[in-house]
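Here is upload_22.txt, consisting of compact mmCIF, C-alpha atoms:
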# COMPACT_ATOMS: atom_id res chain seq x y z
CA MET A 1 -4.26 -7.53 -20.87
CA GLU A 2 -7.35 -7.61 -18.66
CA ILE A 3 -6.75 -8.50 -15.02
CA GLN A 4 -9.07 -11.24 -13.73
CA SER A 5 -7.03 -12.77 -10.91
CA VAL A 6 -4.92 -11.15 -8.20
CA GLY A 7 -2.37 -12.48 -5.74
CA VAL A 8 -1.56 -10.52 -2.59
CA VAL A 9 1.54 -11.24 -0.50
CA GLY A 10 1.10 -10.14 3.10
CA ALA A 11 -2.15 -10.44 5.06
CA GLY A 12 -1.65 -7.43 7.31
CA GLN A 13 -3.71 -4.26 7.38
CA MET A 14 -2.87 -3.28 3.81
CA GLY A 15 -2.89 -6.77 2.34
CA ASN A 16 -6.30 -7.79 3.63
CA GLY A 17 -7.74 -4.44 2.51
CA ILE A 18 -6.34 -4.91 -1.00
CA ALA A 19 -7.73 -8.45 -1.12
CA GLN A 20 -11.16 -7.19 -0.08
CA VAL A 21 -11.43 -4.43 -2.70
CA CYS A 22 -10.21 -6.77 -5.42
CA ALA A 23 -12.83 -9.38 -4.49
CA MET A 24 -15.54 -6.71 -4.32
CA ALA A 25 -14.59 -5.73 -7.88
CA GLY A 26 -15.31 -9.30 -9.02
CA LEU A 27 -11.69 -10.44 -9.21
CA SER A 28 -10.43 -13.81 -8.01
CA VAL A 29 -7.96 -13.33 -5.16
CA VAL A 30 -5.30 -15.42 -3.45
CA LEU A 31 -4.12 -13.82 -0.19
CA THR A 32 -0.91 -15.34 1.16
CA ASP A 33 1.09 -14.97 4.32
CA VAL A 34 3.67 -17.13 6.09
CA SER A 35 1.64 -16.76 9.30
CA SER A 36 -1.56 -18.78 9.72
CA LYS A 37 -2.52 -16.44 12.56
CA ALA A 38 -2.21 -13.43 10.24
CA LEU A 39 -4.44 -15.14 7.68
CA GLU A 40 -7.06 -15.93 10.30
CA LYS A 41 -7.02 -12.34 11.49
CA ALA A 42 -7.23 -11.10 7.89
CA GLN A 43 -10.27 -13.27 7.21
CA ALA A 44 -12.00 -12.02 10.37
CA THR A 45 -11.18 -8.41 9.43
CA ILE A 46 -12.64 -8.83 5.95
CA VAL A 47 -15.79 -10.53 7.29
CA ASN A 48 -16.33 -7.66 9.74
CA SER A 49 -15.67 -5.05 7.07
CA LEU A 50 -18.17 -6.64 4.69
CA ALA A 51 -20.74 -6.84 7.47
CA ARG A 52 -20.40 -3.09 8.05
CA LEU A 53 -20.96 -2.46 4.34
CA VAL A 54 -24.12 -4.60 4.43
CA LYS A 55 -25.38 -2.67 7.44
CA LYS A 56 -24.81 0.60 5.56
CA GLY A 57 -26.69 -0.73 2.53
CA GLN A 58 -23.56 -0.63 0.36
CA LEU A 59 -23.28 -4.41 -0.18
CA SER A 60 -25.92 -7.10 -0.62
CA ASP A 61 -23.99 -10.37 -0.93
CA PRO A 62 -20.92 -10.56 1.35
CA ASP A 63 -20.69 -14.35 0.93
CA ALA A 64 -20.11 -13.93 -2.81
CA VAL A 65 -17.24 -11.51 -2.12
CA LEU A 66 -15.68 -13.80 0.48
CA SER A 67 -15.97 -16.81 -1.84
CA ARG A 68 -13.65 -15.09 -4.31
CA ILE A 69 -10.78 -14.98 -1.77
CA VAL A 70 -8.49 -17.95 -1.13
CA PHE A 71 -6.39 -17.70 2.06
CA SER A 72 -3.10 -19.56 1.73
CA ASN A 73 0.26 -20.08 3.44
CA GLU A 74 1.82 -21.08 0.12
CA MET A 75 3.19 -18.45 -2.22
CA ALA A 76 3.17 -21.15 -4.89
CA ASP A 77 -0.61 -20.67 -5.07
CA LEU A 78 0.07 -17.36 -6.86
CA ALA A 79 1.60 -19.08 -9.90
CA ALA A 80 -1.39 -18.50 -12.19
CA VAL A 81 -2.47 -14.96 -11.19
CA ASP A 82 -2.56 -12.06 -13.65
CA ILE A 83 -1.06 -9.63 -11.15
CA ALA A 84 0.81 -10.24 -7.88
CA ILE A 85 0.84 -7.39 -5.36
CA GLU A 86 3.48 -7.31 -2.64
CA ALA A 87 2.04 -5.77 0.53
CA ALA A 88 4.71 -6.51 3.12
CA THR A 89 6.38 -4.30 5.72
CA GLU A 90 8.07 -1.16 4.36
CA ARG A 91 11.57 -2.64 4.55
CA LEU A 92 13.76 -2.92 1.46
CA GLU A 93 15.27 -6.31 2.27
CA ILE A 94 11.85 -7.89 2.86
CA LYS A 95 10.40 -6.50 -0.35
CA ILE A 96 13.44 -7.55 -2.38
CA ASP A 97 13.12 -11.12 -1.13
CA ILE A 98 9.41 -11.30 -1.97
CA LEU A 99 9.82 -9.76 -5.42
CA ARG A 100 12.59 -12.19 -6.30
CA GLN A 101 10.36 -15.09 -5.30
CA LEU A 102 7.45 -13.71 -7.31
CA SER A 103 9.64 -13.17 -10.35
CA ALA A 104 10.59 -16.86 -10.35
CA LEU A 105 7.05 -18.02 -9.62
CA VAL A 106 4.45 -16.14 -11.67
CA ARG A 107 3.85 -16.38 -15.41
CA PRO A 108 6.17 -14.29 -17.65
CA GLU A 109 3.28 -12.07 -18.73
CA ALA A 110 1.98 -11.48 -15.20
CA ILE A 111 2.41 -8.04 -13.64
CA ILE A 112 4.34 -7.71 -10.38
CA ALA A 113 3.32 -4.73 -8.24
CA SER A 114 4.64 -3.37 -4.96
CA ASN A 115 2.50 -1.50 -2.46
CA THR A 116 5.59 0.39 -1.33
CA SER A 117 4.90 3.86 0.02
CA SER A 118 8.39 5.28 -0.44
CA ILE A 119 11.04 2.84 -1.79
CA SER A 120 12.40 3.34 -5.31
CA LEU A 121 10.44 1.34 -7.86
CA THR A 122 13.48 1.12 -10.10
CA VAL A 123 15.42 -0.58 -7.29
CA LEU A 124 12.54 -2.97 -6.62
CA ALA A 125 11.94 -3.68 -10.31
CA ALA A 126 15.59 -4.69 -10.67
CA GLN A 127 14.68 -7.81 -8.68
CA VAL A 128 12.24 -8.89 -11.39
CA SER A 129 13.42 -10.83 -14.44
CA GLN A 130 11.37 -8.57 -16.72
CA PRO A 131 11.40 -5.14 -15.04
CA GLN A 132 9.02 -3.76 -17.67
CA ARG A 133 6.22 -5.69 -15.91
CA ALA A 134 6.99 -4.22 -12.46
CA ILE A 135 5.10 -1.23 -11.07
CA GLY A 136 4.31 0.59 -7.85
CA MET A 137 0.70 0.36 -6.75
CA HIS A 138 0.45 2.40 -3.55
CA PHE A 139 -2.91 1.94 -1.86
CA MET A 140 -3.98 4.20 0.99
CA ASN A 141 -5.03 2.97 4.44
CA PRO A 142 -7.75 1.87 5.11
CA VAL A 143 -7.90 0.40 1.61
CA PRO A 144 -11.68 -0.26 1.46
CA VAL A 145 -12.38 3.39 2.34
CA MET A 146 -9.65 5.47 0.70
CA LYS A 147 -10.18 6.15 -3.01
CA LEU A 148 -6.60 6.73 -4.10
CA VAL A 149 -4.10 4.41 -5.76
CA GLU A 150 -0.76 6.06 -6.50
CA GLY A 151 0.85 4.52 -9.56
CA ILE A 152 4.65 4.64 -9.70
CA ARG A 153 6.61 3.83 -12.80
CA GLY A 154 10.08 2.36 -12.56
CA LEU A 155 12.76 3.18 -15.14
CA GLU A 156 11.70 0.28 -17.37
CA THR A 157 7.98 -0.06 -16.54
CA SER A 158 6.12 -0.45 -19.84
CA ASP A 159 3.18 1.64 -20.99
CA GLU A 160 1.12 -1.55 -21.24
CA THR A 161 1.83 -2.43 -17.60
CA PHE A 162 1.01 1.08 -16.45
CA ASP A 163 -2.23 1.27 -18.44
CA THR A 164 -3.33 -2.19 -17.28
CA VAL A 165 -2.80 -1.30 -13.62
CA ALA A 166 -4.61 2.02 -14.09
CA ALA A 167 -7.58 0.13 -15.57
CA VAL A 168 -7.78 -2.47 -12.80
CA SER A 169 -7.45 0.25 -10.14
CA GLU A 170 -10.45 2.03 -11.65
CA LYS A 171 -12.32 -1.28 -11.75
CA MET A 172 -11.80 -1.41 -7.97
CA GLY A 173 -13.46 1.99 -7.71
CA LYS A 174 -10.19 3.80 -7.09
CA VAL A 175 -8.80 7.02 -8.54
CA PHE A 176 -5.41 6.33 -10.13
CA VAL A 177 -2.79 9.09 -10.01
CA ARG A 178 0.64 8.98 -11.59
CA ALA A 179 3.80 9.81 -9.66
CA ASN A 180 7.45 9.74 -10.64
CA ASP A 181 9.94 7.39 -9.01
CA VAL A 182 11.46 9.71 -6.42
CA PRO A 183 11.71 9.06 -2.65
CA GLY A 184 8.26 9.22 -1.08
CA PHE A 185 6.57 9.69 -4.48
CA ALA A 186 3.82 12.37 -4.26
CA VAL A 187 1.70 11.55 -1.21
CA ASN A 188 4.37 10.76 1.35
CA ARG A 189 6.79 13.39 0.01
CA ILE A 190 4.23 15.91 1.28
CA LEU A 191 2.48 14.05 4.11
CA MET A 192 5.40 12.60 6.07
CA PRO A 193 7.34 15.86 6.55
CA MET A 194 4.12 17.35 7.95
CA ILE A 195 3.77 14.46 10.39
CA ASN A 196 7.47 14.69 11.24
CA GLU A 197 7.09 18.42 11.94
CA ALA A 198 4.12 17.70 14.21
CA VAL A 199 6.29 15.22 16.13
CA TYR A 200 9.01 17.90 16.39
CA ALA A 201 6.40 20.34 17.74
CA LEU A 202 5.52 17.82 20.45
CA TYR A 203 9.20 17.00 21.09
CA GLU A 204 10.06 20.68 21.54
CA GLY A 205 7.08 21.39 23.79
CA VAL A 206 5.20 23.66 21.38
CA ALA A 207 1.87 22.09 22.36
CA SER A 208 0.34 18.87 23.64
CA VAL A 209 -0.69 15.94 21.43
CA LYS A 210 -4.35 16.88 21.85
CA ASP A 211 -3.78 20.55 21.08
CA ILE A 212 -1.56 19.91 18.05
CA ASP A 213 -4.17 17.63 16.52
CA GLN A 214 -7.06 19.91 17.44
CA ALA A 215 -5.27 22.93 15.99
CA MET A 216 -4.57 21.20 12.70
CA LYS A 217 -8.09 19.79 12.40
CA LEU A 218 -9.83 23.08 13.12
CA GLY A 219 -7.23 25.39 11.62
CA THR A 220 -6.59 23.57 8.34
CA ASN A 221 -9.82 21.54 7.97
CA GLN A 222 -8.10 18.15 8.15
CA PRO A 223 -10.36 15.27 9.24
CA MET A 224 -7.64 13.81 11.46
CA GLY A 225 -4.76 15.48 13.29
CA PRO A 226 -1.20 14.63 12.15
CA LEU A 227 -0.26 12.80 15.37
CA GLU A 228 -3.46 10.77 15.35
CA LEU A 229 -2.81 9.97 11.69
CA ALA A 230 0.77 8.94 12.51
CA GLY A 231 -0.55 6.46 15.06
CA PHE A 232 -3.06 5.16 12.56
CA ILE A 233 -0.41 4.66 9.87
CA GLY A 234 2.05 3.18 12.37
CA LEU A 235 5.00 5.04 13.87
CA ASP A 236 7.38 2.39 12.56
CA THR A 237 6.12 2.99 9.01
CA CYS A 238 6.35 6.77 9.41
CA LEU A 239 9.93 6.47 10.62
CA ALA A 240 10.87 4.10 7.78
CA ILE A 241 9.49 6.53 5.18
CA MET A 242 11.26 9.51 6.75
CA GLU A 243 14.52 7.54 6.66
CA VAL A 244 13.97 6.82 2.95
CA LEU A 245 13.33 10.52 2.31
CA HIS A 246 16.36 11.60 4.35
CA ASP A 247 18.71 9.05 2.77
CA GLY A 248 17.37 9.42 -0.75
CA LEU A 249 17.13 13.22 -0.96
CA GLY A 250 20.05 14.07 1.32
CA ASP A 251 18.39 17.15 2.78
CA THR A 252 18.42 17.83 6.54
CA LYS A 253 14.80 19.01 6.39
CA TYR A 254 13.83 15.33 6.12
CA ARG A 255 15.73 14.28 9.28
CA PRO A 256 13.38 12.17 11.44
CA CYS A 257 12.57 13.65 14.81
CA PRO A 258 14.51 11.81 17.55

Show this structure as structure tokens.
Amino acid sequence: MEIQSVGVVGAGQMGNGIAQVCAMAGLSVVLTDVSSKALEKAQATIVNSLARLVKKGQLSDPDAVLSRIVFSNEMADLAAVDIAIEAATERLEIKIDILRQLSALVRPEAIIASNTSSISLTVLAAQVSQPQRAIGMHFMNPVPVMKLVEGIRGLETSDETFDTVAAVSEKMGKVFVRANDVPGFAVNRILMPMINEAVYALYEGVASVKDIDQAMKLGTNQPMGPLELAGFIGLDTCLAIMEVLHDGLGDTKYRPCP
């Protein structure tokens, strides 16, 4: 199956970024959100992002890209897409609700993907009538800049689904890596404990925010310090992922800093 149309549920920071890279790859996109304000903000964000790419000489026709995106309050507008990507807040109950709606709405052959950064794909896929068509498609933030898509296979995800998502990710100019369905997958299993430890270092008075970030940037050649990165990701998201790691792996080393 070749993906030609994409639906994205959630017009926040991740959702609008996913919509943009899909449209830039020549795919037709429907971006949905229950909030009209969120959709307006998403459209403005995409317009500004495309304008920056034009200024850098990396894009010549932003209007053509924008014309491939439909902004909608109605999830029903996703009925005909080849793949629907859930990009909502990292909360299990919210994702379950969206995936159940998508399962009842999209075509039986359509792929249903979750942009979850930590929640079990097998648990999420259980909400889909055909779990073999469900997959994790973890984009990195900011989506238009970061090259990685982490592919996560649920217990019943088919080879065809996995290969199709790998192909469309590469069409978007991304590098697709495979990770097993364990809490945090690969990226956040490593990244979030580092961020959590940096928060502990601040909490325990080891060093200031500025000095922790400066030390990690200059001492380990990271482009951004862990506390700055935590703020960029969102402290609520960092906490949610640490809670998933702590609950799912049952090891005290994953206990979120108070």

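Atom CA of Asp181 of chain A is positioned 28.4 Å from atom CA of Pro223 of chain A.
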
task = Could you tell me which of A:Gly10, A:Pro62, A:Gly231, A:Pro193 comes closest to Lys253 of chain A if we count all atoms listed in the file?
result = A:Pro193

request  = Taking (13.7, 9.1, 10.6) in the file's own coordinates, collect the residues within 10 Å, counting only C-alpha atoms, and hand them back as a PyMOL selection string.
outcome  = chain A and resi 196+236-247+254-258

task = Find the spatial neighbours of segment 55-58 of chain A, counting only C-alpha atoms, within a cut-off of 12 Å - ignore same-chain residues fewer than 5 positions away - and output them as a ChimeraX atom specification.
result = /A:24,48-50,144

Exercise: Leu124 of chain A partners within 9 Å, all atoms listed in the file, chain neighbours under 5 positions left out, as number ranges by chain = A: 92, 95-96, 99, 114, 119, 131, 134-135, 154

key: atom CA of Arg68 of chain A to atom CA of Leu31 of chain A, distance in Å rounded to a single decimal   = 10.5 Å

note = Separating atom CA of Val145 of chain A from atom CA of Gly17 of chain A, to the nearest tenth of an Å, is a gap of 9.1 Å

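For the residues A:Leu249, A:Ala88, A:Ala125, A:Ala230, ranking by smallest atom-to-atom distance to Gly184 of chain A using all atoms listed in the file places A:Leu249 first.
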
message = Restricting the calculation to all atoms listed in the file: of A:Gly248, A:Val106, A:Gln4, A:Ala126, which residue gets closest to Arg189 of chain A?
response = A:Gly248

remark   = Gly234 of chain A proximity check over A:Ile83, A:Ala25, A:Met14, A:Val70, using all atoms listed in the file: winner is A:Met14

Using 8 Å of padding on each side, determine the axis-aligned box around all atoms of segment 116-126 of chain A present in the file and give its centre and edge lengths in Å to one decimal, as lines of an AutoDock Vina configuration file.
center_x = 10.2
center_y = 0.3
center_z = -5.3
size_x = 26.7
size_y = 26.0
size_z = 26.7

ask   = What's the 8 Å shell around segment 200-215 of chain A, counting all atoms listed in the file, without same-chain residues fewer than 4 positions away, as JSON, numbers by chain?
value = {"A": [196, 219, 220, 224, 225, 226, 227, 228, 257]}

inquiry  = Residues within 12 Å of Gln43 of chain A, please, as a PyMOL selection string. Count all atoms listed in the file; anything in the same chain fewer than 5 positions from it doesn't count.
reply    = chain A and resi 11-13+15-17+19-20+30-33+36-38+48-50+65-67+69-72

note = Among A:Ser28, A:Ser120, A:Asn221, A:Gln127, Arg100 of chain A is approached most closely, using all atoms listed in the file, by A:Gln127

Please rebuild segment 146-157 of chain A with all heavy atoms and return the result as a PDB file, in the coordinates of the input.
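New file rebuild_35.pdb:
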ATOM      1  N   MET A 146     -10.398   4.420   1.409  1.00  0.00           N
ATOM      2  CA  MET A 146      -9.650   5.470   0.700  1.00  0.00           C
ATOM      3  C   MET A 146      -9.677   5.231  -0.807  1.00  0.00           C
ATOM      4  O   MET A 146      -9.446   4.110  -1.276  1.00  0.00           O
ATOM      5  CB  MET A 146      -8.217   5.520   1.209  1.00  0.00           C
ATOM      6  CG  MET A 146      -8.117   5.785   2.707  1.00  0.00           C
ATOM      7  SD  MET A 146      -8.715   7.409   3.168  1.00  0.00           S
ATOM      8  CE  MET A 146      -7.285   8.396   2.733  1.00  0.00           C
ATOM      9  N   LYS A 147      -9.922   6.288  -1.573  1.00  0.00           N
ATOM     10  CA  LYS A 147     -10.180   6.150  -3.010  1.00  0.00           C
ATOM     11  C   LYS A 147      -8.931   6.165  -3.873  1.00  0.00           C
ATOM     12  O   LYS A 147      -8.989   5.852  -5.063  1.00  0.00           O
ATOM     13  CB  LYS A 147     -11.100   7.296  -3.475  1.00  0.00           C
ATOM     14  CG  LYS A 147     -12.446   7.346  -2.772  1.00  0.00           C
ATOM     15  CD  LYS A 147     -13.317   6.157  -3.117  1.00  0.00           C
ATOM     16  CE  LYS A 147     -14.035   6.333  -4.437  1.00  0.00           C
ATOM     17  NZ  LYS A 147     -14.980   5.220  -4.690  1.00  0.00           N
ATOM     18  N   LEU A 148      -7.790   6.510  -3.291  1.00  0.00           N
ATOM     19  CA  LEU A 148      -6.600   6.730  -4.100  1.00  0.00           C
ATOM     20  C   LEU A 148      -5.742   5.479  -4.275  1.00  0.00           C
ATOM     21  O   LEU A 148      -5.541   4.713  -3.334  1.00  0.00           O
ATOM     22  CB  LEU A 148      -5.736   7.823  -3.455  1.00  0.00           C
ATOM     23  CG  LEU A 148      -4.429   8.164  -4.170  1.00  0.00           C
ATOM     24  CD1 LEU A 148      -4.689   8.810  -5.525  1.00  0.00           C
ATOM     25  CD2 LEU A 148      -3.566   9.082  -3.312  1.00  0.00           C
ATOM     26  N   VAL A 149      -5.229   5.300  -5.502  1.00  0.00           N
ATOM     27  CA  VAL A 149      -4.100   4.410  -5.760  1.00  0.00           C
ATOM     28  C   VAL A 149      -3.052   5.243  -6.484  1.00  0.00           C
ATOM     29  O   VAL A 149      -3.328   5.844  -7.524  1.00  0.00           O
ATOM     30  CB  VAL A 149      -4.478   3.190  -6.617  1.00  0.00           C
ATOM     31  CG1 VAL A 149      -3.218   2.435  -7.052  1.00  0.00           C
ATOM     32  CG2 VAL A 149      -5.399   2.251  -5.858  1.00  0.00           C
ATOM     33  N   GLU A 150      -1.864   5.315  -5.906  1.00  0.00           N
ATOM     34  CA  GLU A 150      -0.760   6.060  -6.500  1.00  0.00           C
ATOM     35  C   GLU A 150       0.066   5.107  -7.355  1.00  0.00           C
ATOM     36  O   GLU A 150       0.621   4.128  -6.860  1.00  0.00           O
ATOM     37  CB  GLU A 150       0.097   6.664  -5.368  1.00  0.00           C
ATOM     38  CG  GLU A 150       1.135   7.645  -5.819  1.00  0.00           C
ATOM     39  CD  GLU A 150       1.885   8.262  -4.644  1.00  0.00           C
ATOM     40  OE1 GLU A 150       1.991   7.609  -3.583  1.00  0.00           O
ATOM     41  OE2 GLU A 150       2.363   9.399  -4.786  1.00  0.00           O
ATOM     42  N   GLY A 151       0.102   5.373  -8.648  1.00  0.00           N
ATOM     43  CA  GLY A 151       0.850   4.520  -9.560  1.00  0.00           C
ATOM     44  C   GLY A 151       2.247   5.054  -9.772  1.00  0.00           C
ATOM     45  O   GLY A 151       2.413   6.226 -10.119  1.00  0.00           O
ATOM     46  N   ILE A 152       3.263   4.198  -9.558  1.00  0.00           N
ATOM     47  CA  ILE A 152       4.650   4.640  -9.700  1.00  0.00           C
ATOM     48  C   ILE A 152       5.349   3.804 -10.752  1.00  0.00           C
ATOM     49  O   ILE A 152       5.341   2.574 -10.698  1.00  0.00           O
ATOM     50  CB  ILE A 152       5.422   4.544  -8.360  1.00  0.00           C
ATOM     51  CG1 ILE A 152       4.712   5.366  -7.281  1.00  0.00           C
ATOM     52  CG2 ILE A 152       6.841   5.047  -8.533  1.00  0.00           C
ATOM     53  CD1 ILE A 152       3.850   4.550  -6.361  1.00  0.00           C
ATOM     54  N   ARG A 153       5.936   4.491 -11.687  1.00  0.00           N
ATOM     55  CA  ARG A 153       6.610   3.830 -12.800  1.00  0.00           C
ATOM     56  C   ARG A 153       8.099   3.745 -12.524  1.00  0.00           C
ATOM     57  O   ARG A 153       8.747   4.747 -12.198  1.00  0.00           O
ATOM     58  CB  ARG A 153       6.325   4.674 -14.053  1.00  0.00           C
ATOM     59  CG  ARG A 153       7.071   4.266 -15.257  1.00  0.00           C
ATOM     60  CD  ARG A 153       6.679   5.165 -16.443  1.00  0.00           C
ATOM     61  NE  ARG A 153       6.264   4.365 -17.551  1.00  0.00           N
ATOM     62  CZ  ARG A 153       5.177   4.589 -18.275  1.00  0.00           C
ATOM     63  NH1 ARG A 153       4.388   5.588 -17.982  1.00  0.00           N
ATOM     64  NH2 ARG A 153       4.876   3.809 -19.274  1.00  0.00           N
ATOM     65  N   GLY A 154       8.644   2.530 -12.636  1.00  0.00           N
ATOM     66  CA  GLY A 154      10.080   2.360 -12.560  1.00  0.00           C
ATOM     67  C   GLY A 154      10.723   2.767 -13.878  1.00  0.00           C
ATOM     68  O   GLY A 154      10.028   3.088 -14.854  1.00  0.00           O
ATOM     69  N   LEU A 155      12.037   2.745 -13.950  1.00  0.00           N
ATOM     70  CA  LEU A 155      12.760   3.180 -15.140  1.00  0.00           C
ATOM     71  C   LEU A 155      12.329   2.409 -16.385  1.00  0.00           C
ATOM     72  O   LEU A 155      12.240   2.967 -17.479  1.00  0.00           O
ATOM     73  CB  LEU A 155      14.265   3.021 -14.913  1.00  0.00           C
ATOM     74  CG  LEU A 155      15.184   3.608 -15.982  1.00  0.00           C
ATOM     75  CD1 LEU A 155      15.010   5.120 -16.066  1.00  0.00           C
ATOM     76  CD2 LEU A 155      16.644   3.261 -15.673  1.00  0.00           C
ATOM     77  N   GLU A 156      12.021   1.110 -16.220  1.00  0.00           N
ATOM     78  CA  GLU A 156      11.700   0.280 -17.370  1.00  0.00           C
ATOM     79  C   GLU A 156      10.236  -0.169 -17.418  1.00  0.00           C
ATOM     80  O   GLU A 156       9.862  -0.963 -18.281  1.00  0.00           O
ATOM     81  CB  GLU A 156      12.606  -0.951 -17.391  1.00  0.00           C
ATOM     82  CG  GLU A 156      14.080  -0.610 -17.586  1.00  0.00           C
ATOM     83  CD  GLU A 156      14.928  -1.854 -17.807  1.00  0.00           C
ATOM     84  OE1 GLU A 156      14.613  -2.642 -18.710  1.00  0.00           O
ATOM     85  OE2 GLU A 156      15.899  -2.033 -17.055  1.00  0.00           O
ATOM     86  N   THR A 157       9.396   0.325 -16.523  1.00  0.00           N
ATOM     87  CA  THR A 157       7.980  -0.060 -16.540  1.00  0.00           C
ATOM     88  C   THR A 157       7.366   0.293 -17.886  1.00  0.00           C
ATOM     89  O   THR A 157       7.483   1.418 -18.362  1.00  0.00           O
ATOM     90  CB  THR A 157       7.203   0.663 -15.426  1.00  0.00           C
ATOM     91  OG1 THR A 157       7.820   0.389 -14.167  1.00  0.00           O
ATOM     92  CG2 THR A 157       5.758   0.203 -15.393  1.00  0.00           C
TER      93      THR A 157
END
